[in-house]
$ cat run.txt   # compact mmCIF, C-alpha atoms and all ligand atoms
# COMPACT_ATOMS: atom_id res chain seq x y z
CA MET A 18 81.66 8.21 -42.34
CA LYS A 19 83.80 8.09 -39.21
CA ALA A 20 85.34 4.87 -37.92
CA LEU A 21 87.58 3.92 -35.00
CA ILE A 22 90.53 1.79 -36.02
CA VAL A 23 93.76 0.44 -34.60
CA ARG A 24 96.74 0.37 -36.95
CA ASP A 25 99.00 -2.69 -36.66
CA GLY A 26 101.48 -2.10 -33.83
CA ALA A 27 100.07 1.36 -32.92
CA GLY A 28 98.74 0.28 -29.52
CA LYS A 29 96.03 2.96 -29.51
CA PRO A 30 92.77 3.67 -31.34
CA GLU A 31 92.47 6.35 -34.02
CA LEU A 32 89.46 8.13 -35.56
CA VAL A 33 89.45 8.06 -39.41
CA GLU A 34 87.16 8.82 -42.36
CA GLN A 35 85.98 5.86 -44.44
CA PRO A 36 83.46 5.38 -47.25
CA LYS A 37 79.97 4.42 -46.08
CA PRO A 38 79.48 0.68 -46.83
CA GLU A 39 76.87 -0.60 -49.27
CA PRO A 40 74.93 -3.77 -48.47
CA ASP A 41 75.32 -6.80 -50.74
CA ALA A 42 72.38 -9.11 -51.46
CA GLY A 43 71.14 -10.63 -48.21
CA GLU A 44 72.73 -7.87 -46.16
CA ALA A 45 71.18 -4.90 -44.37
CA LEU A 46 72.77 -1.50 -43.80
CA VAL A 47 72.79 -0.64 -40.10
CA ARG A 48 73.28 2.80 -38.55
CA THR A 49 75.37 2.24 -35.44
CA LEU A 50 73.95 3.48 -32.14
CA ARG A 51 76.30 2.27 -29.40
CA VAL A 52 79.33 -0.02 -29.23
CA GLY A 53 80.72 -1.36 -25.93
CA VAL A 54 84.35 -1.85 -24.93
CA ASP A 55 85.57 -4.99 -23.13
CA GLY A 56 88.80 -6.67 -22.03
CA THR A 57 89.16 -8.24 -25.49
CA ASP A 58 89.21 -4.78 -27.14
CA HIS A 59 92.11 -3.82 -24.87
CA GLU A 60 93.92 -7.04 -25.86
CA VAL A 61 93.27 -6.31 -29.57
CA ILE A 62 94.55 -2.72 -29.23
CA ALA A 63 97.65 -3.95 -27.37
CA GLY A 64 98.23 -6.49 -30.18
CA SER A 65 98.09 -9.55 -27.89
CA HIS A 66 94.91 -11.03 -29.44
CA GLY A 67 93.31 -11.00 -32.89
CA GLY A 68 94.58 -9.26 -36.01
CA SER A 69 93.74 -7.12 -39.06
CA PRO A 70 92.03 -8.47 -42.20
CA GLU A 71 94.38 -9.93 -44.80
CA GLY A 72 95.72 -7.15 -47.00
CA ASP A 73 94.92 -4.36 -44.50
CA ASP A 74 97.31 -2.91 -41.93
CA TYR A 75 94.51 -1.74 -39.63
CA LEU A 76 91.36 -3.10 -38.02
CA VAL A 77 88.06 -1.30 -37.41
CA LEU A 78 87.45 -2.00 -33.71
CA GLY A 79 84.29 -3.10 -31.92
CA HIS A 80 82.29 -6.30 -31.49
CA GLU A 81 79.58 -5.32 -28.94
CA ALA A 82 77.21 -3.25 -31.05
CA VAL A 83 73.60 -2.18 -31.27
CA GLY A 84 72.22 -0.29 -34.26
CA VAL A 85 69.12 0.54 -36.23
CA VAL A 86 68.34 -0.82 -39.70
CA GLU A 87 68.77 2.05 -42.19
CA ASP A 88 68.30 0.03 -45.40
CA ALA A 89 66.68 -3.40 -45.08
CA ASN A 90 67.72 -4.08 -48.71
CA GLY A 91 65.07 -6.72 -49.37
CA THR A 92 65.94 -8.85 -46.34
CA GLY A 93 63.14 -9.79 -43.92
CA LEU A 94 64.09 -6.86 -41.67
CA SER A 95 62.39 -3.45 -41.69
CA GLU A 96 63.91 0.01 -41.62
CA GLY A 97 63.87 1.19 -38.00
CA ASP A 98 64.37 -2.27 -36.46
CA ILE A 99 66.88 -2.30 -33.63
CA VAL A 100 69.46 -5.01 -34.15
CA VAL A 101 72.54 -6.53 -32.57
CA PRO A 102 75.10 -8.24 -34.83
CA THR A 103 76.72 -11.57 -33.98
CA VAL A 104 80.53 -11.52 -34.11
CA ARG A 105 81.71 -14.43 -36.29
CA ARG A 106 81.63 -14.51 -40.08
CA PRO A 107 82.77 -17.30 -42.42
CA PRO A 108 85.90 -16.78 -44.55
CA ASN A 109 85.31 -17.62 -48.28
CA GLY A 110 81.55 -18.08 -48.36
CA SER A 111 80.10 -20.44 -45.78
CA ASN A 112 81.10 -23.66 -44.02
CA PRO A 113 79.18 -26.36 -42.12
CA TYR A 114 79.60 -24.63 -38.73
CA PHE A 115 77.86 -21.51 -40.02
CA GLU A 116 75.27 -23.47 -41.98
CA ARG A 117 74.04 -25.17 -38.79
CA ASP A 118 74.32 -21.96 -36.70
CA GLU A 119 77.29 -23.25 -34.73
CA ALA A 120 79.74 -20.55 -35.80
CA ASP A 121 80.83 -20.38 -32.15
CA MET A 122 82.17 -23.94 -32.48
CA ALA A 123 84.20 -23.30 -35.66
CA PRO A 124 87.93 -24.07 -35.32
CA ASP A 125 90.72 -21.62 -36.21
CA GLY A 126 90.76 -20.76 -39.90
CA GLN A 127 87.01 -21.36 -40.31
CA TYR A 128 85.86 -18.04 -38.88
CA TYR A 129 86.65 -14.36 -38.70
CA GLU A 130 85.55 -12.30 -35.71
CA ARG A 131 84.42 -8.78 -36.55
CA GLY A 132 86.48 -6.23 -34.66
CA ILE A 133 88.79 -8.94 -33.31
CA VAL A 134 90.35 -11.21 -35.91
CA GLY A 135 90.42 -10.99 -39.71
CA ALA A 136 87.32 -8.79 -40.24
CA HIS A 137 86.53 -5.15 -39.54
CA GLY A 138 84.29 -4.44 -36.57
CA PHE A 139 81.33 -2.23 -35.75
CA MET A 140 82.95 0.96 -34.42
CA ALA A 141 81.87 2.98 -37.44
CA GLU A 142 78.86 5.19 -38.14
CA TYR A 143 77.41 2.46 -40.40
CA PHE A 144 78.05 -1.23 -40.94
CA THR A 145 76.58 -3.93 -43.15
CA SER A 146 75.76 -7.46 -42.07
CA PRO A 147 73.92 -10.50 -43.40
CA ALA A 148 70.40 -10.26 -41.99
CA SER A 149 70.84 -13.81 -40.65
CA ALA A 150 73.56 -12.46 -38.31
CA LEU A 151 71.36 -9.66 -36.90
CA VAL A 152 69.23 -10.31 -33.82
CA GLN A 153 66.34 -7.97 -33.03
CA VAL A 154 66.11 -6.07 -29.77
CA PRO A 155 62.90 -4.39 -28.48
CA PRO A 156 62.99 -0.55 -28.40
CA GLU A 157 62.80 -0.41 -24.60
CA LEU A 158 66.21 -2.15 -24.41
CA VAL A 159 67.93 0.02 -27.03
CA ASP A 160 70.21 1.83 -24.55
CA TYR A 161 71.46 -1.47 -23.15
CA GLY A 162 71.52 -3.40 -26.45
CA PHE A 163 75.32 -3.40 -26.65
CA LEU A 164 75.28 -5.74 -23.61
CA VAL A 165 73.52 -8.50 -25.58
CA GLU A 166 76.85 -9.74 -26.99
CA PRO A 167 78.64 -10.19 -23.62
CA ILE A 168 75.49 -11.70 -22.06
CA SER A 169 75.36 -14.18 -24.96
CA ILE A 170 78.91 -15.26 -24.07
CA THR A 171 77.61 -16.41 -20.68
CA GLU A 172 74.46 -17.95 -22.18
CA LYS A 173 76.75 -20.20 -24.21
CA ALA A 174 79.22 -21.01 -21.45
CA VAL A 175 76.45 -21.95 -19.01
CA GLU A 176 74.65 -24.02 -21.65
CA HIS A 177 77.84 -26.04 -22.13
CA ALA A 178 78.50 -26.29 -18.39
CA ASP A 179 74.93 -27.53 -17.80
CA ALA A 180 75.22 -29.98 -20.70
CA SER A 181 78.31 -31.49 -19.08
CA ARG A 182 76.23 -32.22 -15.96
CA SER A 183 73.12 -33.46 -17.76
CA ALA A 184 73.82 -37.20 -17.39
CA PHE A 185 72.80 -37.21 -13.71
CA GLU A 186 70.57 -35.37 -11.25
CA TRP A 187 72.53 -32.15 -10.67
CA SER A 188 71.00 -29.59 -8.33
CA PRO A 189 73.53 -26.77 -8.03
CA GLU A 190 72.91 -24.26 -5.25
CA SER A 191 76.02 -22.08 -5.29
CA ALA A 192 78.13 -20.36 -7.93
CA LEU A 193 81.41 -18.46 -7.85
CA VAL A 194 82.44 -15.92 -10.49
CA LEU A 195 86.18 -15.30 -10.75
CA GLY A 196 86.66 -11.72 -11.96
CA ASN A 197 84.87 -8.45 -11.28
CA GLY A 198 85.25 -6.97 -14.77
CA SER A 199 82.23 -6.34 -16.98
CA LEU A 200 81.87 -9.98 -18.03
CA GLY A 201 82.18 -11.20 -14.44
CA LEU A 202 79.61 -8.73 -13.09
CA LEU A 203 77.08 -9.35 -15.88
CA THR A 204 77.44 -13.08 -15.20
CA LEU A 205 77.01 -12.55 -11.47
CA ALA A 206 73.73 -10.71 -12.07
CA MET A 207 72.56 -13.64 -14.21
CA PHE A 208 73.62 -16.16 -11.54
CA GLU A 209 71.70 -14.24 -8.87
CA GLN A 210 68.52 -15.28 -10.66
CA ARG A 211 69.39 -18.96 -10.57
CA PHE A 212 71.56 -19.84 -7.59
CA GLU A 213 70.76 -19.63 -3.89
CA ARG A 214 74.23 -18.37 -2.98
CA THR A 215 76.74 -16.55 -5.18
CA TYR A 216 80.30 -15.30 -4.70
CA CYS A 217 82.51 -13.04 -6.79
CA LEU A 218 86.30 -12.88 -6.59
CA GLY A 219 88.37 -9.78 -7.33
CA ARG A 220 91.66 -8.35 -6.09
CA ARG A 221 90.57 -4.89 -5.00
CA ASP A 222 90.18 -3.32 -1.56
CA ARG A 223 87.17 -1.30 -0.46
CA PRO A 224 85.96 1.26 -1.38
CA ASP A 225 85.49 0.07 -4.93
CA PRO A 226 82.50 0.41 -7.26
CA THR A 227 82.60 -3.24 -8.36
CA ILE A 228 82.40 -4.40 -4.72
CA ASP A 229 79.38 -2.10 -4.25
CA ILE A 230 77.70 -3.78 -7.24
CA ILE A 231 78.55 -7.27 -5.96
CA GLU A 232 77.00 -6.44 -2.59
CA SER A 233 73.96 -4.74 -4.11
CA LEU A 234 73.34 -8.05 -5.92
CA GLU A 235 73.36 -9.68 -2.44
CA SER A 236 76.42 -11.64 -3.43
CA THR A 237 79.57 -12.15 -1.33
CA TYR A 238 82.79 -10.43 -2.39
CA ILE A 239 86.03 -12.43 -1.98
CA ASN A 240 89.37 -10.60 -2.21
CA SER A 241 91.94 -12.93 -3.83
CA THR A 242 94.78 -11.15 -1.99
CA GLU A 243 93.24 -12.38 1.29
CA THR A 244 91.62 -15.67 0.26
CA ALA A 245 93.19 -17.68 -2.56
CA VAL A 246 90.78 -19.63 -4.79
CA GLY A 247 91.96 -22.92 -3.25
CA ASP A 248 91.02 -21.66 0.25
CA ILE A 249 87.44 -20.70 -0.68
CA PRO A 250 85.88 -24.06 0.40
CA ASP A 251 87.24 -23.64 3.94
CA ALA A 252 86.49 -19.92 4.21
CA TYR A 253 83.04 -20.03 2.53
CA GLU A 254 81.87 -23.18 0.76
CA ALA A 255 82.82 -25.34 -2.22
CA PRO A 256 80.74 -23.92 -5.13
CA ASP A 257 78.85 -26.14 -7.58
CA LEU A 258 79.69 -23.94 -10.56
CA ILE A 259 82.76 -21.74 -11.01
CA TYR A 260 82.88 -19.27 -13.90
CA GLU A 261 86.37 -17.94 -14.68
CA ALA A 262 86.40 -14.43 -16.18
CA THR A 263 89.79 -13.14 -15.01
CA GLY A 264 92.09 -14.40 -17.77
CA TYR A 265 94.44 -15.38 -14.90
CA ALA A 266 95.83 -18.69 -16.12
CA LYS A 267 96.15 -20.39 -12.69
CA HIS A 268 92.46 -19.89 -11.94
CA PRO A 269 90.91 -22.78 -13.90
CA PHE A 270 93.29 -25.21 -12.17
CA GLU A 271 92.70 -23.75 -8.70
CA ALA A 272 88.96 -23.73 -9.42
CA ILE A 273 88.90 -27.48 -10.01
CA GLU A 274 90.29 -27.91 -6.51
CA ALA A 275 87.80 -25.45 -4.97
CA LEU A 276 84.77 -26.95 -6.72
CA ALA A 277 82.18 -29.11 -4.92
CA PRO A 278 82.07 -32.80 -5.95
CA ASN A 279 80.17 -33.25 -9.27
CA GLY A 280 80.65 -29.55 -10.08
CA VAL A 281 81.80 -27.80 -13.21
CA VAL A 282 84.24 -25.00 -14.07
CA ALA A 283 83.55 -22.81 -17.11
CA ALA A 284 86.77 -21.17 -18.33
CA LEU A 285 86.38 -17.97 -20.37
CA GLY A 286 89.65 -16.03 -20.00
CA VAL A 287 92.08 -15.61 -22.88
CA PRO A 288 95.53 -15.37 -21.20
CA SER A 289 98.94 -14.93 -22.77
CA ASP A 290 101.46 -17.79 -22.52
CA TRP A 291 102.55 -18.38 -18.91
CA THR A 292 104.55 -21.34 -17.59
CA PHE A 293 104.05 -22.17 -13.89
CA ASP A 294 104.38 -25.12 -11.51
CA LEU A 295 101.29 -27.28 -11.13
CA ASP A 296 100.68 -30.52 -9.24
CA GLY A 297 99.26 -32.34 -12.26
CA GLY A 298 98.64 -35.54 -10.31
CA ARG A 299 96.44 -33.73 -7.82
CA PHE A 300 94.53 -31.92 -10.58
CA HIS A 301 93.96 -35.17 -12.47
CA ARG A 302 92.87 -37.00 -9.30
CA GLU A 303 90.41 -34.22 -8.33
CA LEU A 304 88.75 -34.38 -11.72
CA VAL A 305 88.38 -38.16 -11.66
CA LEU A 306 87.58 -39.02 -8.05
CA HIS A 307 85.00 -36.24 -7.64
CA ASN A 308 83.37 -36.40 -11.07
CA LYS A 309 84.34 -32.83 -11.87
CA ALA A 310 84.25 -31.15 -15.29
CA ILE A 311 85.90 -28.20 -16.92
CA VAL A 312 84.58 -26.62 -20.10
CA GLY A 313 86.25 -23.94 -22.15
CA SER A 314 83.88 -21.64 -24.01
CA VAL A 315 84.34 -18.96 -26.64
CA ASN A 316 81.98 -16.79 -28.65
CA SER A 317 78.21 -17.42 -29.04
CA ASN A 318 75.65 -18.17 -31.74
CA VAL A 319 72.37 -16.60 -32.89
CA ARG A 320 70.29 -18.75 -30.53
CA GLN A 321 72.42 -17.64 -27.59
CA PHE A 322 72.07 -13.99 -28.70
CA GLU A 323 68.29 -14.45 -28.69
CA ALA A 324 68.45 -15.90 -25.17
CA ALA A 325 70.63 -12.93 -24.18
CA VAL A 326 67.98 -10.45 -25.34
CA GLU A 327 65.50 -12.16 -22.96
CA THR A 328 68.04 -12.13 -20.15
CA LEU A 329 68.87 -8.46 -20.72
CA GLY A 330 65.18 -7.65 -20.28
CA SER A 331 65.18 -9.46 -16.93
CA LEU A 332 68.11 -7.54 -15.41
CA SER A 333 67.27 -4.52 -13.26
CA GLU A 334 67.92 -1.06 -14.67
CA SER A 335 69.64 -0.03 -11.46
CA PHE A 336 72.16 -2.86 -11.88
CA LEU A 337 72.71 -2.04 -15.58
CA ASP A 338 73.11 1.68 -14.85
CA SER A 339 75.69 0.97 -12.16
CA LEU A 340 77.61 -1.33 -14.54
CA ILE A 341 77.74 1.27 -17.34
CA THR A 342 80.33 3.77 -16.13
CA GLY A 343 80.47 5.90 -19.28
CA VAL A 344 78.81 6.41 -22.67
CA TYR A 345 81.04 8.75 -24.66
CA PRO A 346 80.40 10.71 -27.85
CA LEU A 347 82.64 9.72 -30.75
CA GLU A 348 84.86 12.79 -30.36
CA ASP A 349 85.69 11.67 -26.77
CA PHE A 350 86.49 8.11 -27.82
CA GLU A 351 89.82 8.06 -25.95
CA ALA A 352 88.00 8.29 -22.62
CA ALA A 353 85.94 5.21 -23.53
CA PHE A 354 89.15 3.15 -23.60
CA ASP A 355 90.28 4.23 -20.10
CA ASN A 356 90.95 1.16 -18.01
CA ASP A 357 91.22 2.50 -14.46
CA ASP A 358 89.55 1.21 -11.29
CA ARG A 359 86.51 3.49 -11.79
CA THR A 360 85.79 2.03 -15.23
CA ILE A 361 83.56 -1.02 -15.43
CA LYS A 362 81.73 -0.90 -18.77
CA ASN A 363 82.14 1.94 -21.25
CA ALA A 364 80.48 2.46 -24.60
CA ILE A 365 80.76 4.88 -27.51
CA GLN A 366 77.68 6.60 -28.92
CA PHE A 367 77.81 6.77 -32.73
CA SER A 368 74.30 8.17 -33.31
CA GLN A 369 71.05 8.69 -31.42
CA TYR A 370 68.01 6.44 -31.58
CA GLU A 371 64.84 8.22 -32.66
CA GLU A 372 61.71 6.17 -32.27
CA ARG A 373 59.65 5.96 -35.48
CA ARG A 374 56.09 7.21 -35.21
P1 LIG B 1 88.34 -7.31 -17.63
O1 LIG B 1 87.45 -6.12 -17.58
O2 LIG B 1 89.79 -7.14 -17.84
O3 LIG B 1 88.06 -8.12 -16.29
C1 LIG B 1 88.93 -9.03 -15.69
C2 LIG B 1 88.78 -8.87 -14.20
O4 LIG B 1 89.48 -9.90 -13.53
C3 LIG B 1 89.35 -7.54 -13.71
O5 LIG B 1 88.37 -6.88 -12.95
C4 LIG B 1 90.56 -7.94 -12.87
O6 LIG B 1 90.73 -7.14 -11.73
C5 LIG B 1 90.16 -9.35 -12.43
N1 LIG B 1 91.33 -10.17 -12.14
C6 LIG B 1 92.37 -10.45 -12.96
N2 LIG B 1 93.26 -11.25 -12.33
C7 LIG B 1 92.78 -11.47 -11.10
C8 LIG B 1 93.24 -12.19 -9.98
N3 LIG B 1 94.40 -12.85 -10.00
N4 LIG B 1 92.49 -12.22 -8.86
C9 LIG B 1 91.30 -11.55 -8.82
N5 LIG B 1 90.81 -10.83 -9.85
C10 LIG B 1 91.55 -10.79 -10.98
O7 LIG B 1 87.84 -8.28 -18.78
P2 LIG B 1 86.35 -8.75 -19.18
O8 LIG B 1 85.93 -7.99 -20.39
O9 LIG B 1 85.46 -8.75 -18.00
O10 LIG B 1 86.68 -10.24 -19.66
C11 LIG B 1 87.20 -11.18 -18.73
C12 LIG B 1 88.06 -12.22 -19.44
O11 LIG B 1 87.23 -12.97 -20.32
C13 LIG B 1 89.17 -11.64 -20.34
O12 LIG B 1 90.29 -12.52 -20.28
C14 LIG B 1 88.57 -11.67 -21.75
O13 LIG B 1 89.55 -11.82 -22.74
C15 LIG B 1 87.73 -12.92 -21.66
N6 LIG B 1 86.57 -12.96 -22.54
C16 LIG B 1 86.35 -14.15 -23.14
C17 LIG B 1 85.25 -14.33 -23.93
C18 LIG B 1 85.00 -15.66 -24.54
O14 LIG B 1 84.22 -15.77 -25.49
N7 LIG B 1 85.64 -16.73 -24.03
C19 LIG B 1 84.34 -13.26 -24.13
C20 LIG B 1 84.59 -12.05 -23.49
C21 LIG B 1 85.71 -11.91 -22.67
P3 LIG B 1 91.37 -5.64 -11.79
O15 LIG B 1 90.40 -4.84 -12.62
O16 LIG B 1 91.36 -5.20 -10.37
O17 LIG B 1 92.69 -5.75 -12.42
C1 LIG B 2 84.14 -11.82 -27.78
C2 LIG B 2 83.84 -13.14 -28.45
C3 LIG B 2 85.09 -13.69 -29.08
C4 LIG B 2 86.18 -13.79 -28.03
C5 LIG B 2 87.50 -14.34 -28.57
C6 LIG B 2 85.28 -11.99 -26.83
O1 LIG B 2 85.52 -10.76 -26.22
O2 LIG B 2 83.03 -11.32 -27.05
O3 LIG B 2 82.80 -12.96 -29.39
O4 LIG B 2 84.83 -14.95 -29.63
O5 LIG B 2 86.42 -12.50 -27.48
O6 LIG B 2 88.06 -13.54 -29.56
ZN ZN B 3 83.85 -9.45 -26.03
$ encode --input "run.txt" --output "structure tokens"
Amino acid sequence: MKALIVRDGAGKPELVEQPKPEPDAGEALVRTLRVGVDGTDHEVIAGSHGGSPEGDDYLVLGHEAVGVVEDANGTGLSEGDIVVPTVRRPPNGSNPYFERDEADMAPDGQYYERGIVGAHGFMAEYFTSPASALVQVPPELVDYGFLVEPISITEKAVEHADASRSAFEWSPESALVLGNGSLGLLTLAMFEQRFERTYCLGRRDRPDPTIDIIESLESTYINSTETAVGDIPDAYEAPDLIYEATGYAKHPFEAIEALAPNGVVAALGVPSDWTFDLDGGRFHRELVLHNKAIVGSVNSNVRQFEAAVETLGSLSESFLDSLITGVYPLEDFEAAFDNDDRTIKNAIQFSQYEERR
């Protein structure tokens, strides 16, 4: 079968032939339909995040997959089921985080991430997975199923942000998303359903397809080259929730300042090291005197994947179609990794879904 890999240090993906995997007990064999590309994949390809499995000098890419069960192999699944795999797997058997379905909370060394760190990913014509790490998707969502993983990232982050505000009567009305990449825009569409007023920050000038999407969601676009995060309360309003999806390391600090009293910042970005000046006293004082919170959030668990399937079904097709800027056949895989201003969310098609009669 064909697989897309990155060799250590190569800096670009490569198409190779590999043996088709065979499922172990408890695992199903899945025929891959589509796999999405996100900012993390670009970081993995560049070598700034993640790494190959021990003993291998390459990594099969891909962590945002949807596929169809080809061999249920005695698991509770059925051939033909459409499934989305979770990303984390336990090294050396299991551990308590995985046993209580909190793989997303496992510390370094107690997880691999398929397609990212220590375990091969889903950009191959077939993959195997424990059935317990496969979440079912209804057939009508099959084309968009690769978005379940990124949506689940926001399900988790918002769950943790809400939990941090659960000790008092919190009635948030406004939310700001920092970042107009695929994660930021998916999150904005989710926030549109919950908040009365939403804002999204990018650094692009008009005309730009992400600004068109932001405005079609009836959200307000803020250009960070004109309005810095710290100036947003004066120019617009102080948001109750700020979701950082830029990977720009100053943003979580600036967001604490911009936040409304009693608000919360969810930080999602994975930046490289960067040393900069910061008024630590002011940051500390803001947190304390205005009861603010900041939560970091990574990855997501089965329950959050299941919530993401529901959420995916609630998002409009016109929004999803405008977000997905390209679905490329395997032979055109290079185009799927383009990262220009016209690209929002690309995916690679590994095989076609044929509904069973
Ligand atoms: P992405 O496509 O690279 O999106 C990042 C967006 O932020 C880009 O549109 C970029 O604008 C914008 N941006 C960067 N710096 C900015 C600044 N100073 N001012 C305004 N806008 C700025 O990445 P993504 O896939 O959406 O992911 C977003 C971040 O979340 C990445 O750091 C990724 O690693 C991380 N992530 C984390 C998790 C998790 O579990 N915690 C999961 C998925 C992703 P331009 O396009 O104009 O450059
Ligand atoms: C993935 C997460 C993963 C994170 C850190 C994200 O792009 O969606 O599943 O935990 O990167 O590696
Ligand atoms: Zn991701």
$ residues_near_ligand --input "run.txt" --ligand "ligand LIG 1 (chain B)" --cutoff "7 Å" --atoms "only C-alpha atoms and all ligand atoms" --output "JSON, numbers by chain"
{"A": [55, 56, 57, 167, 170, 195, 196, 197, 198, 199, 200, 201, 218, 219, 220, 221, 240, 241, 262, 263, 264, 265, 285, 286, 287, 288, 314, 315, 316, 358, 361]}
$ closest_atom_pairs --input "run.txt" --of "chain A" --to "ligand LIG 2 (chain B)" --cutoff "10 Å" --atoms "only C-alpha atoms and all ligand atoms" --output "Markdown table"
| residue | atom | partner | partner_atom | distance |
| --- | --- | --- | --- | --- |
| A:Val54 | CA | B:LIG2 | O1 | 9.1 |
| A:Asp55 | CA | B:LIG2 | O1 | 6.5 |
| A:Gly56 | CA | B:LIG2 | O1 | 6.7 |
| A:Thr57 | CA | B:LIG2 | O1 | 4.5 |
| A:Asp58 | CA | B:LIG2 | O1 | 7.1 |
| A:His59 | CA | B:LIG2 | O1 | 9.7 |
| A:Glu60 | CA | B:LIG2 | O1 | 9.2 |
| A:Val61 | CA | B:LIG2 | O6 | 8.9 |
| A:His66 | CA | B:LIG2 | O6 | 7.3 |
| A:Gly67 | CA | B:LIG2 | O6 | 6.7 |
| A:Gly79 | CA | B:LIG2 | O1 | 9.6 |
| A:His80 | CA | B:LIG2 | O2 | 6.7 |
| A:Glu81 | CA | B:LIG2 | O2 | 7.2 |
| A:Thr103 | CA | B:LIG2 | O3 | 7.7 |
| A:Val104 | CA | B:LIG2 | O3 | 5.4 |
| A:Arg105 | CA | B:LIG2 | O3 | 7.1 |
| A:Ala120 | CA | B:LIG2 | O4 | 9.8 |
| A:Asp121 | CA | B:LIG2 | O4 | 7.2 |
| A:Met122 | CA | B:LIG2 | O4 | 9.8 |
| A:Tyr128 | CA | B:LIG2 | O4 | 9.8 |
| A:Tyr129 | CA | B:LIG2 | O4 | 9.3 |
| A:Glu130 | CA | B:LIG2 | O4 | 6.7 |
| A:Arg131 | CA | B:LIG2 | O3 | 8.4 |
| A:Gly132 | CA | B:LIG2 | O6 | 9.1 |
| A:Ile133 | CA | B:LIG2 | O6 | 6.0 |
| A:Val134 | CA | B:LIG2 | O6 | 7.1 |
| A:Glu166 | CA | B:LIG2 | O2 | 6.4 |
| A:Pro167 | CA | B:LIG2 | O2 | 5.7 |
| A:Ile168 | CA | B:LIG2 | O2 | 9.0 |
| A:Ser169 | CA | B:LIG2 | O2 | 8.4 |
| A:Ile170 | CA | B:LIG2 | O2 | 6.4 |
| A:Thr171 | CA | B:LIG2 | O2 | 9.8 |
| A:Leu200 | CA | B:LIG2 | O1 | 9.0 |
| A:Leu285 | CA | B:LIG2 | C4 | 8.7 |
| A:Gly286 | CA | B:LIG2 | O5 | 8.9 |
| A:Val287 | CA | B:LIG2 | C5 | 7.4 |
| A:Ser314 | CA | B:LIG2 | O4 | 8.8 |
| A:Val315 | CA | B:LIG2 | O4 | 5.0 |
| A:Asn316 | CA | B:LIG2 | O4 | 3.5 |
| A:Ser317 | CA | B:LIG2 | O3 | 6.4 |
| A:Asn318 | CA | B:LIG2 | O3 | 9.2 |
$ residues_around --input "run.txt" --residues "stretch 362-365 of chain A" --least-positions-apart "5" --cutoff "9 Å" --atoms "only C-alpha atoms" --output "list in words"
Leu50, Arg51, Val52, Gly53, Val54, Asp55, Glu81, Met140, Phe163, Gly198, Ser199, Leu340, Ile341, Thr342, Gly343, Val344, Tyr345, Pro346, Leu347, Asp349, Phe350, Ala352, Ala353, Phe354 and Asp355 of chain A
$ closest_residue --input "run.txt" --among "A:Met207, A:Met18, A:Ala150, A:Ala82" --to "ligand ZN 3 (chain B)" --atoms "all atoms listed in the file"
A:Ala82
$ closest_residue --input "run.txt" --among "A:Ala63, A:Leu46, A:Val165, A:Val33" --to "ligand ZN 3 (chain B)" --atoms "all atoms listed in the file"
A:Val165
$ axis_aligned_box --input "run.txt" --around "stretch 242-260 of chain A" --padding-each-side "3 Å" --output "AutoDock Vina command-line options"
--center_x 86.8 --center_y -18.6 --center_z -4.8 --size_x 21.9 --size_y 21.0 --size_z 24.1
$ residues_around --input "run.txt" --residues "A:Gln369" --least-positions-apart "3" --cutoff "10 Å" --atoms "all atoms listed in the file" --output "PyMOL selection string"
chain A and resi 48-51+84-85+160+366+372
$ atom_distance --input "run.txt" --atom1 "atom CA of A:Tyr238" --atom2 "atom CA of A:Gln321"
28.2 Å
$ closest_residue --input "run.txt" --among "A:Thr328, A:Gly138, A:Glu96, A:Ser333" --to "ligand ZN 3 (chain B)" --atoms "all atoms listed in the file"
A:Gly138
$ closest_atom_pairs --input "run.txt" --of "stretch 137-198 of chain A" --to "stretch 294-313 of chain A" --cutoff "10 Å" --atoms "all atoms listed in the file" --output "CSV"
residue,atom,partner,partner_atom,distance
A:Ala174,CA,A:Gly313,CA,7.6
A:Val175,CA,A:Val312,CA,9.4
A:His177,CA,A:Val312,CA,7.1
A:Ala178,CA,A:Val312,CA,6.3
A:Asp179,CA,A:Val312,CA,10.0
A:Ala180,CA,A:Val312,CA,10.0
A:Ser181,CA,A:Ala310,CA,7.1
A:Arg182,CA,A:Ala310,CA,8.1
$ atom_distance --input "run.txt" --atom1 "atom CA of A:Asp222" --atom2 "atom CA of A:Thr237"
13.8 Å
$ closest_residue --input "run.txt" --among "A:Val326, A:Leu78, A:Asp357, A:Ile228" --to "ligand ZN 3 (chain B)" --atoms "only C-alpha atoms and all ligand atoms"
A:Leu78
$ closest_residue --input "run.txt" --among "A:Val282, A:Ser149, A:Tyr216, A:Asp229" --to "A:Ala252" --atoms "only C-alpha atoms"
A:Tyr216
$ closest_residue --input "run.txt" --among "A:Thr227, A:Thr244, A:Leu164, A:Arg214" --to "ligand ZN 3 (chain B)" --atoms "all atoms listed in the file"
A:Leu164
$ residues_around --input "run.txt" --residues "A:Pro269" --least-positions-apart "4" --cutoff "7 Å" --atoms "only C-alpha atoms" --output "PyMOL selection string"
chain A and resi 261+273+284
